[in-house]
Amino acid sequence: MSDNRFYITTPIYYVNDVPHIGHAYTTLACDVMARFMRLDGKDVRFLTGTDEHGQKVEQAAAAAGMEPRAFTDKVSQVFRDLIPAMGYSPDNFIRTTEPRHYASCQALWNKVLAAGDIYLGKYAGWYSVRDEAFYAESETEVGPDNKRRATASGAEVAWVEEPSYFFRLSAWQDRLLKFYEDNPRFIAPQSRRNEVISFVKGGLQDLSVSRTTFKWGVPVPNDPQHIMYVWFDALTNYITECGYPDTSAPNWKYWPADLHMVGKDIVRFHTVYWPAFLMSAGVAPPKRVFAHGWWTIEGQKMSKSLNNAIAPLALVKEFGLDQTRYFLLREVPFGNDGDFRRASMVQRMNADLANDYGNLCQRVLSIIAKNCAGSVPAKGPLTDADRALLDKAGGALAAVRDRVNDQAFHEALAAIWEVIGDANRYVDTQAPWTLAKTDPVRRDHVLWVLVEAIRRVTLLTQPFMPGSTARILDQLAVPADGRDFAAFDREMMSGTALPAPQGVFPRFVDPAAPAQTPRQVRKKA
């Protein structure tokens, strides 16, 4: 298989509720990965979609007074509408209610059945409809209200007894541990890897993989009274997209997936159940699963009771699309939990984007427009200071690539901002406004060094802020065929006409902040 292919997936989102910041965060991380890989010359497949089966969806539909199919059509569209609003670039949007997905699930089931890993029995145990998950009694606790809940999620559980098919997960303990050992990058970050290995070493119980008490789901082949466990169904979407069970399908070239991006709450399903299902069926498991953390809001957990969930579109409307994208991936080490604070958002917008990046572009291009006839100035002999900045900008691609490959998005952005910081310091020390009077030739060369550094920085910020960076590259007159990483080492051509410069990252005046007196404003200035 060619190393040039790159297949990345979001989890498919459950349609019992509307999208919130957590959904936007996961898809954003995948979008940045997909955009980066395309710019780096990869043949990318980026998949997102909706998970539309299960008891929870059936109940949500009933509560809305709708049939499940009509309900899922409506809510799935809300998730689809988020794609253009957030600037995502998936290659496809899959729904588990598609006929091809039913065929894929049933084919996988039959393979696992033929391998001897599925048998008919009876389930008796604790089940959470909200989590669509089975729990051992040790994973639950009884609260002050005498209701039993899953310790990890807080979701209520109920005792369930019904006929069920089981997957022989207990037989896969040693094979999974060997797989983790042989594939140290399979689970990330390290804290999640440790968590999963500890869980598997603790002993695996056979997993109930069918239900008989509801009907909204994929029927078990040759036994339609049973509906497949929603996670057996949902996880299969990743290979449905590739054409399974037809391994000669055009998209099968993308399997195994290079990266499943998930939230930390569903890491077990993706790193224990999923590879076991696949290996049982003779299908290669994915190469990597990254489980990121959760967002809180101003120090509080998002909840319906607090009515504090943030709608992604509300952030975009108030702060701007690229500003929102930048903040979400810059503020918190990716993989950790994060806290969304309005003051932090405004600080990032004004300090990082408006002051550092936007002001660098604006003042350099404005000086060129005023002093160099609106065209790229002439390159001259390089000094040590010139080489230091150009070398830093030139080495940024490798540095950022390494960090993106590890999903360390905050570190990737920090590496880019190091170059921006160096460029700003270079402007101050070289003082082209002074050179205009003393050495116009050197002034022009300094400005050339700066536009070259800005070009390289802006190529690298494209995956994170595609709209704003396209406007900057337009102002640098970078042609469409010069915007991928194959063009990274090309240099700005002296004499190239540049359009009139325009600001890209305006300062944000927060209407929610306390008003300042004129004296305070003067003092800060």
# chains A, B, ... in the order shown; residues from 1 in each chain; ligands from 1
>>> residues_around(residues="Ala152 (chain A)", least_positions_apart="4", cutoff="12 Å", atoms="only C-alpha atoms", output="ChimeraX atom specification")
/A:128,131,133,135-136,138-141,156-157,264-266
>>> residues_around(residues="His260 (chain A)", least_positions_apart="5", cutoff="7 Å", atoms="only C-alpha atoms", output="list in words")
Ile8, Thr9, Thr10, Arg288, Val289 and Phe290 of chain A
>>> write_last_selection(atoms="N, CA, C and O atoms", output="mmCIF file, in the first residue's frame")
data_model
loop_
_atom_site.group_PDB
_atom_site.id
_atom_site.type_symbol
_atom_site.label_atom_id
_atom_site.label_comp_id
_atom_site.auth_asym_id
_atom_site.auth_seq_id
_atom_site.Cartn_x
_atom_site.Cartn_y
_atom_site.Cartn_z
ATOM 1 N N ILE A 8 -8.482 9.620 7.447
ATOM 2 C CA ILE A 8 -8.763 10.136 8.778
ATOM 3 C C ILE A 8 -10.261 10.212 8.994
ATOM 4 O O ILE A 8 -11.016 10.547 8.065
ATOM 5 N N THR A 9 -10.703 9.898 10.199
ATOM 6 C CA THR A 9 -12.137 9.884 10.504
ATOM 7 C C THR A 9 -12.425 10.629 11.800
ATOM 8 O O THR A 9 -11.627 10.606 12.742
ATOM 9 N N THR A 10 -13.571 11.265 11.829
ATOM 10 C CA THR A 10 -14.146 11.691 13.098
ATOM 11 C C THR A 10 -14.956 10.515 13.627
ATOM 12 O O THR A 10 -15.281 9.593 12.874
ATOM 13 N N ARG A 288 -3.969 4.116 14.211
ATOM 14 C CA ARG A 288 -3.839 5.006 15.364
ATOM 15 C C ARG A 288 -5.204 5.520 15.794
ATOM 16 O O ARG A 288 -6.062 5.818 14.946
ATOM 17 N N VAL A 289 -5.398 5.621 17.096
ATOM 18 C CA VAL A 289 -6.588 6.234 17.690
ATOM 19 C C VAL A 289 -6.100 7.308 18.651
ATOM 20 O O VAL A 289 -5.325 7.017 19.565
ATOM 21 N N PHE A 290 -6.531 8.540 18.434
ATOM 22 C CA PHE A 290 -6.171 9.623 19.354
ATOM 23 C C PHE A 290 -7.426 10.072 20.076
ATOM 24 O O PHE A 290 -8.424 10.421 19.450
#
>>> closest_residue(among="A:Asp17, A:Asp246, A:Asp258, A:Glu195", to="Asp3 (chain A)", atoms="only C-alpha atoms")
A:Asp258
>>> residues_around(residues="region 371-378 of chain A", least_positions_apart="3", cutoff="6 Å", atoms="only C-alpha atoms", output="JSON, numbers by chain")
{"A": [367, 368, 444, 445, 448, 494, 495, 496, 497, 498]}
>>> atom_distance(atom1="CA of Asp322 (chain A)", atom2="CA of Ala399 (chain A)")
22.2 Å
>>> atom_distance(atom1="CA of Gln347 (chain A)", atom2="CA of Gln323 (chain A)")
11.0 Å
>>> atom_distance(atom1="CA of Ser210 (chain A)", atom2="CA of Lys111 (chain A)")
15.8 Å
>>> residues_around(residues="Asn4 (chain A)", least_positions_apart="4", cutoff="9 Å", atoms="only C-alpha atoms", output="MDAnalysis selection string")
chainID A and resid 41:44
>>> write_last_selection(atoms="N, CA, C and O atoms", output="PDB file, in the first residue's frame")
ATOM      1  N   GLY A  41       0.980  16.833  -0.016  1.00  0.00           N
ATOM      2  CA  GLY A  41       1.021  15.918  -1.156  1.00  0.00           C
ATOM      3  C   GLY A  41       0.384  14.571  -0.952  1.00  0.00           C
ATOM      4  O   GLY A  41       0.529  13.672  -1.790  1.00  0.00           O
ATOM      5  N   LYS A  42      -0.357  14.386   0.142  1.00  0.00           N
ATOM      6  CA  LYS A  42      -0.989  13.102   0.410  1.00  0.00           C
ATOM      7  C   LYS A  42      -2.312  12.957  -0.356  1.00  0.00           C
ATOM      8  O   LYS A  42      -2.997  13.945  -0.636  1.00  0.00           O
ATOM      9  N   ASP A  43      -2.662  11.716  -0.640  1.00  0.00           N
ATOM     10  CA  ASP A  43      -3.973  11.358  -1.189  1.00  0.00           C
ATOM     11  C   ASP A  43      -4.888  11.121   0.008  1.00  0.00           C
ATOM     12  O   ASP A  43      -4.868  10.053   0.619  1.00  0.00           O
ATOM     13  N   VAL A  44      -5.685  12.121   0.359  1.00  0.00           N
ATOM     14  CA  VAL A  44      -6.417  12.135   1.634  1.00  0.00           C
ATOM     15  C   VAL A  44      -7.867  11.701   1.447  1.00  0.00           C
ATOM     16  O   VAL A  44      -8.531  12.074   0.480  1.00  0.00           O
TER      17      VAL A  44
END
>>> residues_around(residues="Leu473 (chain A)", least_positions_apart="3", cutoff="12 Å", atoms="only C-alpha atoms", output="ChimeraX atom specification")
/A:361,365,451-452,454-462,466-470,476-484,492,498-499,501-502,504
>>> residues_around(residues="Tyr273 (chain A)", least_positions_apart="6", cutoff="12 Å", atoms="only C-alpha atoms", output="PyMOL selection string")
chain A and resi 133+167-173+176+196+200+204-209+229+231-236+266-267+279-280+285
>>> closest_residue(among="A:Ala431, A:Val400, A:Ala257, A:Ala343", to="Glu418 (chain A)", atoms="only C-alpha atoms")
A:Val400
>>> closest_residue(among="A:Arg130, A:Cys242, A:Leu47, A:Arg100", to="Val15 (chain A)", atoms="only C-alpha atoms")
A:Arg130
>>> select_by_dssp(residues="region 230-275 of chain A", states="helix (DSSP H, G or I)", output="MDAnalysis selection string")
chainID A and resid 230:235 237:240 250:254 264:275
>>> residues_around(residues="Leu413 (chain A)", least_positions_apart="5", cutoff="12 Å", atoms="only C-alpha atoms", output="short mmCIF file (atom, residue, chain, number, x, y, z; two decimals) with C-alpha atoms, in the first residue's frame")
data_model
loop_
_atom_site.label_atom_id
_atom_site.label_comp_id
_atom_site.auth_asym_id
_atom_site.auth_seq_id
_atom_site.Cartn_x
_atom_site.Cartn_y
_atom_site.Cartn_z
CA VAL A 32 -6.58 20.51 10.16
CA ARG A 325 -10.53 27.63 14.86
CA TYR A 326 -7.22 29.09 16.05
CA PHE A 327 -8.29 29.44 19.67
CA LEU A 328 -9.64 25.91 20.00
CA LEU A 329 -6.40 24.32 18.84
CA ARG A 330 -3.94 26.81 20.37
CA GLU A 331 -5.29 27.35 23.87
CA VAL A 332 -4.98 23.82 25.29
CA PRO A 333 -2.44 21.01 24.78
CA PHE A 334 -4.37 18.68 22.48
CA ASP A 352 -1.59 36.41 18.78
CA LEU A 353 -3.67 37.25 15.73
CA TYR A 357 0.55 38.00 12.98
CA ALA A 396 9.34 25.46 10.30
CA LEU A 397 7.79 23.00 7.84
CA ALA A 399 8.98 21.16 12.82
CA VAL A 400 5.28 21.64 12.20
CA ARG A 401 4.99 18.38 10.25
CA ASP A 402 6.42 16.40 13.17
CA ARG A 403 3.98 17.99 15.59
CA VAL A 404 0.94 17.56 13.34
CA GLN A 407 -1.61 15.59 16.83
CA ALA A 408 0.25 18.18 18.94
CA GLU A 418 8.10 31.47 17.13
CA VAL A 419 8.86 32.48 13.54
CA ILE A 420 6.27 35.27 13.71
CA VAL A 457 4.53 31.17 7.81
CA THR A 458 1.28 31.67 5.93
CA LEU A 460 1.85 26.67 7.33
CA THR A 461 -1.12 28.44 8.92
CA GLN A 462 -3.42 27.48 6.02
CA PRO A 463 -4.77 24.25 7.60
CA PHE A 464 -5.70 26.10 10.78
CA MET A 465 -7.16 29.31 9.32
#
>>> closest_residue(among="A:Gly217, A:Pro11, A:Gly380, A:Gly125", to="Ala29 (chain A)", atoms="only C-alpha atoms")
A:Pro11
>>> closest_residue(among="A:Trp126, A:Leu108, A:Arg443, A:Thr96", to="Arg148 (chain A)", atoms="only C-alpha atoms")
A:Trp126
>>> select_by_dssp(residues="region 256-329 of chain A", states="strand (DSSP E)", output="JSON list (two decimals) with C-alpha atoms, in the first residue's frame")
[["chain", "number", "residue", "atom", "x", "y", "z"],
["A", 259, "LEU", "CA", -6.18, 7.98, 12.33],
["A", 260, "HIS", "CA", -9.47, 7.69, 14.19],
["A", 261, "MET", "CA", -9.97, 10.92, 16.16],
["A", 262, "VAL", "CA", -12.28, 10.44, 19.17],
["A", 263, "GLY", "CA", -13.19, 11.96, 22.52],
["A", 289, "VAL", "CA", -6.59, 6.23, 17.69],
["A", 290, "PHE", "CA", -6.17, 9.62, 19.35],
["A", 291, "ALA", "CA", -8.52, 10.43, 22.23],
["A", 292, "HIS", "CA", -8.70, 14.13, 23.09],
["A", 295, "TRP", "CA", -14.05, 21.28, 27.26],
["A", 296, "THR", "CA", -15.52, 22.98, 30.29],
["A", 297, "ILE", "CA", -17.10, 26.46, 30.11],
["A", 300, "GLN", "CA", -17.94, 24.50, 34.76],
["A", 301, "LYS", "CA", -18.82, 21.22, 33.07]]
>>> closest_residue(among="A:Val316, A:Arg192, A:Arg95, A:Val446", to="Val364 (chain A)", atoms="only C-alpha atoms")
A:Val446
